[in-house]
$ cat run13.txt   # compact mmCIF, C-alpha atoms and all ligand atoms
# COMPACT_ATOMS: atom_id res chain seq x y z
CA MET A 1 0.00 0.00 0.00
CA PHE A 2 1.11 3.47 -0.70
CA ILE A 3 -0.38 6.62 0.77
CA HIS A 4 0.32 9.86 -0.97
CA TRP A 5 -0.74 12.63 1.39
CA ALA A 6 -0.09 15.58 -0.91
CA LEU A 7 -2.45 14.13 -3.52
CA LYS A 8 -4.69 12.35 -0.97
CA GLU A 9 -4.21 9.13 -2.88
CA ILE A 10 -4.29 5.57 -1.58
CA HIS A 11 -2.76 3.00 -3.91
CA LEU A 12 -3.57 -0.66 -3.46
CA LYS A 13 -1.96 -3.44 -5.43
CA ILE A 14 -4.14 -6.39 -6.32
CA VAL A 15 -2.55 -9.40 -8.03
CA TYR A 16 -4.45 -12.07 -9.99
CA TYR A 17 -2.68 -15.34 -9.32
CA GLY A 18 -3.42 -18.80 -10.66
CA ALA A 19 -2.32 -21.64 -12.90
CA GLY A 20 -1.51 -21.08 -16.56
CA MET A 21 -4.62 -20.56 -18.72
CA SER A 22 -6.93 -20.23 -15.71
CA GLY A 23 -8.23 -16.90 -17.00
CA LYS A 24 -6.30 -14.18 -15.13
CA THR A 25 -5.67 -12.02 -18.18
CA GLU A 26 -9.29 -12.51 -19.25
CA ASN A 27 -10.44 -11.02 -15.92
CA LEU A 28 -8.42 -7.85 -16.53
CA ARG A 29 -9.47 -7.66 -20.14
CA TYR A 30 -13.12 -7.75 -19.12
CA ILE A 31 -12.66 -5.14 -16.41
CA HIS A 32 -10.85 -2.90 -18.87
CA SER A 33 -13.62 -3.28 -21.44
CA ARG A 34 -16.39 -2.33 -19.02
CA ILE A 35 -15.00 0.47 -16.90
CA ASP A 36 -15.76 4.10 -17.57
CA PRO A 37 -12.75 5.44 -19.56
CA ALA A 38 -12.40 8.31 -17.10
CA LEU A 39 -11.66 5.84 -14.35
CA LYS A 40 -9.01 3.71 -15.99
CA GLY A 41 -5.56 3.96 -17.54
CA ASP A 42 -4.16 2.04 -20.48
CA MET A 43 -3.99 -1.69 -20.15
CA VAL A 44 -0.46 -3.03 -20.45
CA MET A 45 -0.08 -6.64 -21.58
CA LEU A 46 3.29 -8.37 -21.75
CA LYS A 47 2.67 -11.59 -23.60
CA THR A 48 4.12 -14.18 -25.94
CA ASN A 49 2.97 -14.69 -29.54
CA GLU A 50 0.59 -17.32 -28.22
CA ASP A 51 -1.13 -14.78 -25.98
CA ARG A 52 0.34 -16.22 -22.80
CA THR A 53 1.44 -13.73 -20.17
CA ILE A 54 5.22 -13.58 -20.07
CA PHE A 55 5.68 -10.91 -17.41
CA PHE A 56 2.49 -9.26 -16.25
CA ASP A 57 -0.66 -7.44 -17.29
CA PHE A 58 -1.37 -4.14 -15.64
CA LEU A 59 -4.38 -1.91 -15.32
CA GLN A 60 -4.97 1.01 -13.01
CA LEU A 61 -8.48 1.80 -11.83
CA GLU A 62 -9.79 4.69 -9.82
CA VAL A 63 -13.08 5.25 -8.15
CA GLY A 64 -14.52 8.63 -7.35
CA ASN A 65 -13.51 10.84 -4.51
CA ILE A 66 -14.26 9.34 -1.13
CA ASP A 67 -14.35 11.77 1.71
CA GLY A 68 -11.69 13.81 -0.11
CA LYS A 69 -9.52 10.75 -0.68
CA LYS A 70 -8.71 9.11 -3.97
CA PRO A 71 -8.32 5.34 -3.92
CA LYS A 72 -6.44 3.83 -6.86
CA PHE A 73 -6.23 0.16 -7.59
CA ASN A 74 -3.29 -1.27 -9.45
CA LEU A 75 -4.33 -4.60 -10.91
CA TYR A 76 -1.69 -7.07 -12.04
CA THR A 77 -1.70 -10.62 -13.34
CA VAL A 78 1.18 -13.04 -13.00
CA PRO A 79 2.28 -15.48 -15.70
CA GLY A 80 0.87 -18.83 -14.62
CA GLN A 81 3.19 -21.12 -16.53
CA ILE A 82 5.56 -23.09 -14.29
CA GLN A 83 8.76 -21.73 -15.80
CA TYR A 84 7.99 -18.14 -14.79
CA ALA A 85 8.37 -18.61 -11.03
CA GLN A 86 10.95 -15.85 -10.71
CA THR A 87 8.75 -13.47 -12.61
CA ARG A 88 5.84 -14.18 -10.31
CA ARG A 89 8.02 -13.28 -7.36
CA VAL A 90 8.83 -9.92 -8.94
CA VAL A 91 5.18 -9.16 -9.68
CA LEU A 92 4.14 -10.02 -6.11
CA ASN A 93 6.41 -7.35 -4.71
CA GLY A 94 4.34 -4.96 -2.60
CA VAL A 95 1.07 -6.87 -3.07
CA ASP A 96 -1.88 -5.88 -0.87
CA GLY A 97 -4.46 -8.44 -1.93
CA ILE A 98 -4.78 -11.48 -4.16
CA VAL A 99 -7.43 -12.98 -6.38
CA PHE A 100 -6.66 -16.64 -6.84
CA VAL A 101 -8.15 -17.69 -10.16
CA ALA A 102 -8.83 -21.43 -10.13
CA ASP A 103 -9.61 -23.31 -13.33
CA SER A 104 -12.81 -25.37 -13.04
CA ARG A 105 -11.75 -28.00 -15.57
CA LYS A 106 -11.49 -31.34 -13.79
CA ASP A 107 -7.99 -32.11 -15.00
CA MET A 108 -6.74 -28.78 -13.64
CA MET A 109 -7.36 -29.58 -9.99
CA ASP A 110 -3.77 -30.64 -9.30
CA ALA A 111 -2.43 -27.58 -11.09
CA ASN A 112 -4.74 -25.32 -9.04
CA LEU A 113 -3.47 -26.76 -5.80
CA GLU A 114 0.18 -26.70 -6.87
CA THR A 115 -0.20 -23.05 -7.79
CA LEU A 116 -1.85 -22.20 -4.49
CA LEU A 117 1.08 -23.83 -2.67
CA ASP A 118 3.47 -21.90 -4.91
CA LEU A 119 1.69 -18.71 -3.88
CA GLU A 120 2.00 -19.55 -0.21
CA LYS A 121 5.72 -20.20 -0.71
CA HIS A 122 6.13 -16.64 -2.03
CA LEU A 123 4.00 -15.21 0.77
CA ILE A 124 6.02 -17.01 3.41
CA ALA A 125 9.22 -15.55 1.96
CA GLY A 126 7.62 -12.17 2.73
CA GLY A 127 6.64 -13.17 6.27
CA LYS A 128 2.98 -13.92 5.48
CA THR A 129 0.74 -16.91 5.09
CA LEU A 130 -2.52 -17.59 3.32
CA GLU A 131 -4.26 -17.39 6.69
CA ASN A 132 -3.27 -13.84 7.54
CA PHE A 133 -3.25 -12.29 4.10
CA PRO A 134 -6.31 -10.82 2.31
CA TRP A 135 -7.27 -12.97 -0.65
CA VAL A 136 -10.34 -14.34 -2.39
CA LEU A 137 -10.99 -17.31 -4.64
CA GLN A 138 -12.53 -17.31 -8.07
CA TYR A 139 -13.77 -20.52 -9.64
CA ASN A 140 -13.46 -19.59 -13.29
CA LYS A 141 -14.60 -21.34 -16.46
CA ARG A 142 -17.88 -22.48 -14.94
CA ASP A 143 -19.14 -22.85 -18.52
CA VAL A 144 -16.89 -25.76 -19.49
CA PRO A 145 -18.65 -29.13 -19.88
CA ASP A 146 -16.29 -31.01 -17.56
CA ALA A 147 -16.39 -28.49 -14.73
CA GLU A 148 -15.62 -29.84 -11.28
CA SER A 149 -18.41 -29.33 -8.74
CA ILE A 150 -18.20 -26.27 -6.52
CA ALA A 151 -18.42 -28.40 -3.40
CA GLU A 152 -15.40 -30.38 -4.53
CA MET A 153 -13.42 -27.23 -5.38
CA GLU A 154 -14.26 -25.69 -2.02
CA THR A 155 -12.93 -28.77 -0.27
CA LYS A 156 -9.81 -28.89 -2.39
CA LEU A 157 -8.84 -25.23 -2.34
CA ASN A 158 -10.75 -23.17 0.16
CA PHE A 159 -9.42 -24.59 3.40
CA PHE A 160 -9.30 -21.15 5.01
CA GLY A 161 -12.87 -20.24 4.11
CA VAL A 162 -12.12 -17.09 2.11
CA PRO A 163 -14.88 -15.47 0.01
CA SER A 164 -15.27 -17.42 -3.24
CA PHE A 165 -16.99 -16.64 -6.53
CA GLU A 166 -18.09 -18.57 -9.56
CA ALA A 167 -17.07 -16.91 -12.80
CA ILE A 168 -16.95 -17.08 -16.55
CA ALA A 169 -14.32 -14.49 -17.29
CA THR A 170 -14.93 -14.61 -21.04
CA THR A 171 -18.48 -13.33 -20.57
CA GLY A 172 -17.68 -11.32 -17.45
CA GLU A 173 -19.84 -13.26 -15.08
CA GLY A 174 -18.48 -13.02 -11.56
CA VAL A 175 -15.62 -10.73 -12.52
CA PHE A 176 -16.75 -7.55 -10.77
CA PRO A 177 -18.04 -9.30 -7.63
CA THR A 178 -14.60 -10.91 -7.28
CA LEU A 179 -12.81 -7.59 -7.67
CA LYS A 180 -15.04 -5.81 -5.19
CA ALA A 181 -14.61 -8.59 -2.67
CA VAL A 182 -10.84 -8.48 -2.76
CA ILE A 183 -10.80 -4.70 -2.36
CA LYS A 184 -13.10 -4.96 0.64
CA LYS A 185 -10.89 -7.68 2.10
CA VAL A 186 -7.83 -5.48 1.78
CA VAL A 187 -9.47 -2.48 3.40
CA GLY A 188 -10.89 -4.66 6.18
CA HIS A 189 -7.44 -6.12 6.74
CA VAL A 190 -5.84 -2.69 7.13
CA GLN A 191 -8.55 -1.68 9.54
CA SER A 192 -8.15 -4.73 11.72
CA GLN A 193 -4.39 -4.20 11.78
CA LEU A 194 -4.94 -0.61 12.87
CA GLU A 195 -7.31 -1.67 15.60
CA GLY A 196 -4.83 -4.31 16.69
CA ALA A 197 -2.09 -1.67 16.91
CA GLN A 198 -4.38 0.59 18.95
CA ARG A 199 -5.20 -2.20 21.38
CA MET A 200 -1.49 -2.86 21.82
CA ARG A 201 -0.95 0.74 22.86
CA ALA A 202 -3.94 0.90 25.14
CA MET B 1 13.48 -2.87 -4.23
CA ASN B 2 11.70 -4.86 -1.61
CA GLU B 3 12.90 -8.42 -1.61
CA ASN B 4 9.86 -9.69 0.20
CA THR B 5 6.31 -9.66 -1.00
CA GLY B 6 5.48 -6.42 0.70
CA ALA B 7 5.38 -5.30 4.27
CA GLY B 8 1.62 -5.58 3.93
CA ALA B 9 -0.68 -2.99 5.30
CA LEU B 10 1.84 -0.63 6.79
CA ASP B 11 3.84 0.21 3.70
CA THR B 12 4.86 3.51 2.15
CA VAL B 13 3.44 6.77 3.39
CA LEU B 14 4.56 9.93 1.67
CA SER B 15 3.97 13.16 3.55
CA LYS B 16 3.15 16.49 1.96
CA GLY B 17 6.56 17.84 2.98
CA GLN B 18 8.39 14.92 1.43
CA PHE B 19 6.39 15.21 -1.75
CA ASP B 20 7.16 18.92 -2.12
CA ARG B 21 10.90 18.35 -1.81
CA ILE B 22 10.84 15.38 -4.17
CA PHE B 23 8.83 17.30 -6.71
CA SER B 24 11.15 20.28 -6.69
CA CYS B 25 14.14 17.98 -7.14
CA LEU B 26 12.47 16.32 -10.14
CA ALA B 27 11.46 19.67 -11.59
CA ASP B 28 15.07 20.92 -11.35
CA LEU B 29 16.34 17.80 -13.02
CA ALA B 30 13.78 18.02 -15.80
CA ALA B 31 14.60 21.65 -16.49
CA LYS B 32 18.37 21.15 -16.43
CA LEU B 33 18.35 18.20 -18.81
CA ARG B 34 15.30 19.24 -20.81
CA LEU B 35 13.72 15.89 -20.06
CA MET B 36 10.53 14.63 -21.65
CA ALA B 37 9.53 13.15 -18.32
CA VAL B 38 10.96 12.07 -15.03
CA LEU B 39 9.23 9.81 -12.53
CA LEU B 40 10.03 8.57 -9.09
CA VAL B 41 8.47 5.12 -8.75
CA ASP B 42 8.45 2.45 -6.09
CA GLY B 43 9.34 -1.19 -6.53
CA SER B 44 5.90 -2.09 -7.76
CA GLY B 45 5.68 0.77 -10.21
CA ARG B 46 3.60 3.24 -8.26
CA ILE B 47 4.36 6.85 -9.05
CA LEU B 48 5.41 8.97 -6.07
CA ALA B 49 6.05 12.07 -8.14
CA GLN B 50 6.42 12.95 -11.78
CA LYS B 51 7.44 15.94 -13.83
CA ILE B 52 6.38 15.95 -17.44
CA GLY B 53 8.23 18.19 -19.90
CA ASP B 54 6.67 20.28 -22.63
CA GLY B 55 5.82 18.37 -25.74
CA TRP B 56 4.63 15.30 -23.96
CA LYS B 57 0.91 14.91 -24.39
CA ASP B 58 0.07 11.82 -22.44
CA THR B 59 -0.44 12.62 -18.79
CA ARG B 60 -1.25 9.11 -17.60
CA LEU B 61 2.09 7.51 -17.07
CA GLU B 62 1.04 4.63 -14.81
CA GLY B 63 1.59 2.08 -17.56
CA LEU B 64 5.06 3.45 -18.26
CA ALA B 65 5.86 3.45 -14.54
CA ALA B 66 4.72 -0.15 -14.12
CA LEU B 67 6.82 -1.23 -17.09
CA ALA B 68 9.89 0.73 -16.02
CA ALA B 69 9.74 -0.76 -12.53
CA GLY B 70 9.12 -4.20 -14.04
CA SER B 71 12.05 -3.97 -16.42
CA TYR B 72 14.28 -2.73 -13.63
CA SER B 73 13.37 -5.57 -11.30
CA ALA B 74 13.69 -8.04 -14.17
CA SER B 75 17.20 -6.75 -14.78
CA ASN B 76 18.01 -7.26 -11.10
CA GLU B 77 16.88 -10.84 -11.33
CA ILE B 78 19.07 -11.22 -14.41
CA ALA B 79 22.03 -9.80 -12.49
CA ARG B 80 21.41 -12.38 -9.81
CA LEU B 81 21.28 -15.23 -12.32
CA LEU B 82 24.54 -14.02 -13.86
CA GLY B 83 26.15 -14.23 -10.46
CA GLU B 84 26.47 -10.48 -10.00
CA SER B 85 26.63 -9.66 -6.32
CA ALA B 86 25.06 -6.23 -6.79
CA ARG B 87 22.25 -5.09 -9.04
CA PHE B 88 22.94 -3.48 -12.40
CA ARG B 89 23.63 0.20 -11.97
CA MET B 90 21.09 1.29 -14.51
CA VAL B 91 18.88 0.17 -17.34
CA LEU B 92 18.90 2.05 -20.59
CA HIS B 93 16.44 1.58 -23.44
CA GLU B 94 17.66 3.41 -26.51
CA GLY B 95 15.22 4.43 -29.17
CA GLU B 96 15.63 6.43 -32.34
CA ARG B 97 14.13 9.57 -30.87
CA ARG B 98 13.56 8.84 -27.21
CA ASN B 99 15.38 6.93 -24.54
CA LEU B 100 14.37 5.56 -21.19
CA PHE B 101 16.90 5.48 -18.38
CA VAL B 102 16.15 3.80 -15.06
CA CYS B 103 18.36 3.81 -11.99
CA SER B 104 17.79 2.98 -8.36
CA VAL B 105 17.47 5.59 -5.64
CA THR B 106 17.21 3.26 -2.67
CA GLN B 107 16.33 -0.43 -2.44
CA ASP B 108 12.66 0.39 -2.87
CA PHE B 109 12.55 3.32 -5.25
CA HIS B 110 13.85 4.20 -8.67
CA LEU B 111 14.02 7.08 -11.05
CA ALA B 112 12.77 6.69 -14.60
CA VAL B 113 13.89 9.35 -17.03
CA VAL B 114 12.63 9.84 -20.57
CA PHE B 115 14.88 11.99 -22.74
CA GLU B 116 15.48 12.83 -26.35
CA SER B 117 18.28 11.16 -28.23
CA GLY B 118 20.25 14.40 -28.57
CA THR B 119 21.09 14.43 -24.87
CA ALA B 120 24.29 12.66 -23.88
CA VAL B 121 23.75 9.64 -21.65
CA GLY B 122 26.75 10.75 -19.57
CA MET B 123 24.92 13.97 -18.69
CA ILE B 124 21.87 12.00 -17.67
CA ARG B 125 23.94 9.76 -15.47
CA LEU B 126 25.78 12.65 -13.85
CA PHE B 127 22.73 14.70 -13.00
CA THR B 128 20.52 11.79 -11.97
CA LYS B 129 23.31 10.73 -9.62
CA ARG B 130 23.17 14.15 -7.98
CA ALA B 131 19.40 14.01 -7.81
CA VAL B 132 19.58 10.58 -6.19
CA GLU B 133 21.82 12.00 -3.50
CA GLN B 134 19.17 14.61 -2.74
CA LEU B 135 16.34 12.11 -2.79
CA VAL B 136 17.83 9.46 -0.53
CA PRO B 137 17.55 11.45 2.73
CA VAL B 138 14.00 12.57 1.89
CA LEU B 139 12.87 9.02 1.22
CA SER B 140 14.47 7.59 4.31
CA GLU B 141 12.56 9.88 6.65
CA ARG B 142 10.08 7.84 8.59
CA THR B 143 6.61 9.21 8.97
CA ALA B 144 4.25 7.84 11.56
CA PRO B 145 2.29 5.51 9.29
CA GLU B 146 -0.17 4.27 11.85
CA GLN B 147 -1.66 7.62 12.66
CA ASP B 148 -1.83 8.52 9.01
CA LEU B 149 -3.50 5.25 8.17
CA GLY B 150 -6.02 5.85 10.91
CA LYS B 151 -6.94 9.14 9.26
CA MET B 152 -7.27 7.53 5.86
CA PHE B 153 -9.10 4.38 6.85
CA ASP B 154 -11.80 5.34 9.28
CA ARG B 155 -15.03 3.36 9.39
CA ASN B 156 -16.71 6.02 7.35
CA PHE B 157 -14.21 5.43 4.57
CA GLU B 158 -14.97 1.74 4.44
CA THR B 159 -18.70 2.33 4.09
CA LEU B 160 -18.33 5.05 1.48
CA LEU B 161 -15.82 2.99 -0.48
CA GLY B 162 -18.24 0.09 -0.55
CA GLU B 163 -20.95 2.32 -2.01
CA GLU B 164 -18.57 3.86 -4.53
CA LEU B 165 -17.33 0.45 -5.66
CA ASP B 166 -20.91 -0.60 -6.33
CA ARG B 167 -21.38 2.53 -8.41
CA SER B 168 -18.12 2.46 -10.37
CA LEU B 169 -17.35 -1.21 -10.73
CA THR B 170 -20.43 -2.29 -12.50
CA ASP B 171 -21.37 -3.95 -15.73
CA GLY B 172 -25.09 -4.00 -15.21
CA ARG B 173 -25.17 -7.55 -13.90
CA SER B 174 -26.95 -8.19 -10.68
CA GLY B 175 -26.05 -11.83 -10.15
CA ASN B 176 -23.49 -12.16 -7.43
CA ARG B 177 -22.92 -15.83 -6.85
CA GLY B 178 -20.46 -15.31 -4.07
CA ARG B 179 -20.31 -17.19 -0.83
CA SER B 180 -18.43 -15.77 2.08
N1 LIG C 1 -14.64 -21.33 -21.65
C1 LIG C 1 -13.96 -20.40 -20.97
N2 LIG C 1 -12.75 -20.01 -21.41
C2 LIG C 1 -12.08 -19.06 -20.70
C3 LIG C 1 -12.63 -18.49 -19.52
N3 LIG C 1 -11.74 -17.61 -19.04
C4 LIG C 1 -10.67 -17.62 -19.86
N4 LIG C 1 -10.88 -18.50 -20.88
C5 LIG C 1 -9.98 -18.80 -21.99
O1 LIG C 1 -8.84 -19.49 -21.48
C6 LIG C 1 -7.66 -19.11 -22.18
C7 LIG C 1 -6.62 -18.58 -21.22
O2 LIG C 1 -7.08 -17.36 -20.62
P1 LIG C 1 -6.07 -16.26 -20.07
O3 LIG C 1 -6.86 -15.24 -19.40
O4 LIG C 1 -5.15 -15.84 -21.15
O5 LIG C 1 -5.26 -17.17 -19.03
P2 LIG C 1 -4.13 -16.72 -18.02
O6 LIG C 1 -4.54 -17.20 -16.69
O7 LIG C 1 -3.85 -15.28 -18.16
O8 LIG C 1 -2.89 -17.61 -18.54
P3 LIG C 1 -1.30 -17.29 -18.41
O9 LIG C 1 -1.10 -15.92 -18.90
O10 LIG C 1 -0.60 -18.30 -19.25
O11 LIG C 1 -0.96 -17.46 -16.97
C8 LIG C 1 -8.10 -18.07 -23.21
O12 LIG C 1 -8.30 -18.71 -24.43
C9 LIG C 1 -9.42 -17.57 -22.64
O13 LIG C 1 -10.27 -17.10 -23.64
C10 LIG C 1 -13.93 -18.94 -19.09
O14 LIG C 1 -14.49 -18.51 -18.07
N5 LIG C 1 -14.53 -19.89 -19.85
MG MG C 2 -2.24 -14.22 -18.64

$ encode --input "run13.txt" --output "structure tokens" --more "lines below"
Ligand SMILES: Nc1nc2c(ncn2[C@@H]2O[C@H](COP(=O)(O)OP(=O)(O)OP(=O)(O)O)[C@@H](O)[C@H]2O)c(=O)[nH]1
Ligand SMILES: [Mg+2]
Amino acid sequence: MFIHWALKEIHLKIVYYGAGMSGKTENLRYIHSRIDPALKGDMVMLKTNEDRTIFFDFLQLEVGNIDGKKPKFNLYTVPGQIQYAQTRRVVLNGVDGIVFVADSRKDMMDANLETLLDLEKHLIAGGKTLENFPWVLQYNKRDVPDAESIAEMETKLNFFGVPSFEAIATTGEGVFPTLKAVIKKVVGHVQSQLEGAQRMRA
Amino acid sequence: MNENTGAGALDTVLSKGQFDRIFSCLADLAAKLRLMAVLLVDGSGRILAQKIGDGWKDTRLEGLAALAAGSYSASNEIARLLGESARFRMVLHEGERRNLFVCSVTQDFHLAVVFESGTAVGMIRLFTKRAVEQLVPVLSERTAPEQDLGKMFDRNFETLLGEELDRSLTDGRSGNRGRS
């Protein structure tokens, strides 16, 4: 998080994390296509010829003035393919909240879990864990014929009971609810930390 | 830049006083070198301050900042893989008409400078080095983040933000199949 007092800006960094092809870039693409142009910057996409993310995608969103303050959300995606582990570490630098995009295709369940463990490995290196960090889950590709059941995915991935959303990123279903939820999680997390710090002093 | 994945909630807070001094340093640098643009960005590409020269039309430089920070941290990873013990001193992207120069200020912050090809790179290096020396003490001042955060994130803010998100982040769908 970054607070810019002179401009009354609050910058939060949200990273979309998940296995290769799970639909992270598609989430950002949809958000970019639907947001009021006045509230968004250019979308940056660093990708291979095959449309796979090679470094990151980036999109900055703003919402209106809140009580004189200007929140800005910097949305990033990581490259999901295994070989880009180092790149994911770079993109996670300074992250405030995470959307974990899980792929609903049955044969992706191992990859989803591996990727979640990979995320926790990076978090731990920064002194955090999945339990104490603000994140939400998105079950994407609900439209595929061989989709795993939600109950099964909850059991397999959501062992900390974070907010979870069904989505079809290609049509946009579930995309905005996911984004709003992660922002609320981040703000709630800051607030509880503040209250914790106040209790310590009292 | 930050080696970990972020200190979390209590990260960077930039006071008005710090911003004013940073901005005047960037403005001096931009005038002296007739820069197209100069930005101070943090490790994840957020802009702390920017000065845009005449003749640059685009005023939204967030994408550029994110890319400059990304390419700088990528180059640091490359340095590591090559067995360099320190990071590369700078990154230079040379174009036909415009160049981008990125150097670090402290671990967590870097300067990105856009300049026209007529300007000697040596000049850029010399003057950015001086600017870095001015910026380091300003950036290492610690503000009291907790108090500031308390002012930013009161309960009122959370409620109002929720309402504003519903207004701004919308695509006309009502279905919210979330469980929490
Ligand atoms: N059927 C279906 N296809 C989807 C959905 N979301 C994304 N896709 C498709 O899945 C493919 C991969 O989507 P991306 O968004 O590029 O995946 P990614 O997670 O960014 O992948 P990497 O960049 O490699 O990590 C694309 O062809 C998308 O069109 C969805 O909800 N349903
Ligand atoms: Mg992608």

$ residues_near_point --input "run13.txt" --point "(-15.9, -21.0, -9.9)" --cutoff "7 Å" --atoms "all atoms listed in the file" --output "list of chain:residue names"
A:Ser104, A:Gln138, A:Tyr139, A:Asn140, A:Lys141, A:Arg142, A:Ile150, A:Phe165, A:Glu166, A:Ala167

$ residues_around --input "run13.txt" --residues "Glu133 (chain B)" --least-positions-apart "2" --cutoff "12 Å" --atoms "all atoms listed in the file" --output "compact mmCIF listing (two decimals) with C-alpha atoms, in the frame of the given file"
# COMPACT_ATOMS: atom_id res chain seq x y z
CA ILE B 22 10.84 15.38 -4.17
CA CYS B 25 14.14 17.98 -7.14
CA SER B 104 17.79 2.98 -8.36
CA VAL B 105 17.47 5.59 -5.64
CA THR B 106 17.21 3.26 -2.67
CA LEU B 111 14.02 7.08 -11.05
CA LEU B 126 25.78 12.65 -13.85
CA PHE B 127 22.73 14.70 -13.00
CA THR B 128 20.52 11.79 -11.97
CA LYS B 129 23.31 10.73 -9.62
CA ARG B 130 23.17 14.15 -7.98
CA ALA B 131 19.40 14.01 -7.81
CA LEU B 135 16.34 12.11 -2.79
CA VAL B 136 17.83 9.46 -0.53
CA PRO B 137 17.55 11.45 2.73
CA VAL B 138 14.00 12.57 1.89
CA LEU B 139 12.87 9.02 1.22
CA SER B 140 14.47 7.59 4.31

$ residues_near_ligand --input "run13.txt" --ligand "ligand LIG 1 (chain C)" --cutoff "10 Å" --atoms "all atoms listed in the file" --output "PyMOL selection string"
chain A and resi 16-30+45-48+50-57+77-82+84+101-105+139-145+166-175

$ atom_distance --input "run13.txt" --atom1 "CA of Glu195 (chain A)" --atom2 "CA of His11 (chain A)"
20.6 Å

$ atom_distance --input "run13.txt" --atom1 "CA of Glu84 (chain B)" --atom2 "CA of Gly127 (chain A)"
25.8 Å

$ residues_near_point --input "run13.txt" --point "(12.5, 19.5, -16.7)" --cutoff "12 Å" --atoms "all atoms listed in the file" --output "number ranges by chain"
B: 23-39, 50-56, 113-115, 127

$ atom_distance --input "run13.txt" --atom1 "CA of Leu160 (chain B)" --atom2 "CA of Gly64 (chain A)"
10.3 Å

$ residues_around --input "run13.txt" --residues "Thr12 (chain B)" --least-positions-apart "3" --cutoff "7 Å" --atoms "only C-alpha atoms" --output "list in words"
Met1, Phe2 and Ile3 of chain A

$ interface_residues --input "run13.txt" --of "chain A" --to "chain B" --cutoff "6 Å" --atoms "all atoms listed in the file" --output "MDAnalysis selection string"
chainID A and resid 1:6 92:96 126 163:165 190

$ write_last_selection --input "run13.txt" --atoms "C-alpha atoms" --output "mmCIF file, keeping the file's coordinate frame"
data_model
loop_
_atom_site.group_PDB
_atom_site.id
_atom_site.type_symbol
_atom_site.label_atom_id
_atom_site.label_comp_id
_atom_site.auth_asym_id
_atom_site.auth_seq_id
_atom_site.Cartn_x
_atom_site.Cartn_y
_atom_site.Cartn_z
ATOM 1 C CA MET A 1 0.000 0.000 0.000
ATOM 2 C CA PHE A 2 1.110 3.470 -0.700
ATOM 3 C CA ILE A 3 -0.380 6.620 0.770
ATOM 4 C CA HIS A 4 0.320 9.860 -0.970
ATOM 5 C CA TRP A 5 -0.740 12.630 1.390
ATOM 6 C CA ALA A 6 -0.090 15.580 -0.910
ATOM 7 C CA LEU A 92 4.140 -10.020 -6.110
ATOM 8 C CA ASN A 93 6.410 -7.350 -4.710
ATOM 9 C CA GLY A 94 4.340 -4.960 -2.600
ATOM 10 C CA VAL A 95 1.070 -6.870 -3.070
ATOM 11 C CA ASP A 96 -1.880 -5.880 -0.870
ATOM 12 C CA GLY A 126 7.620 -12.170 2.730
ATOM 13 C CA PRO A 163 -14.880 -15.470 0.010
ATOM 14 C CA SER A 164 -15.270 -17.420 -3.240
ATOM 15 C CA PHE A 165 -16.990 -16.640 -6.530
ATOM 16 C CA VAL A 190 -5.840 -2.690 7.130
#
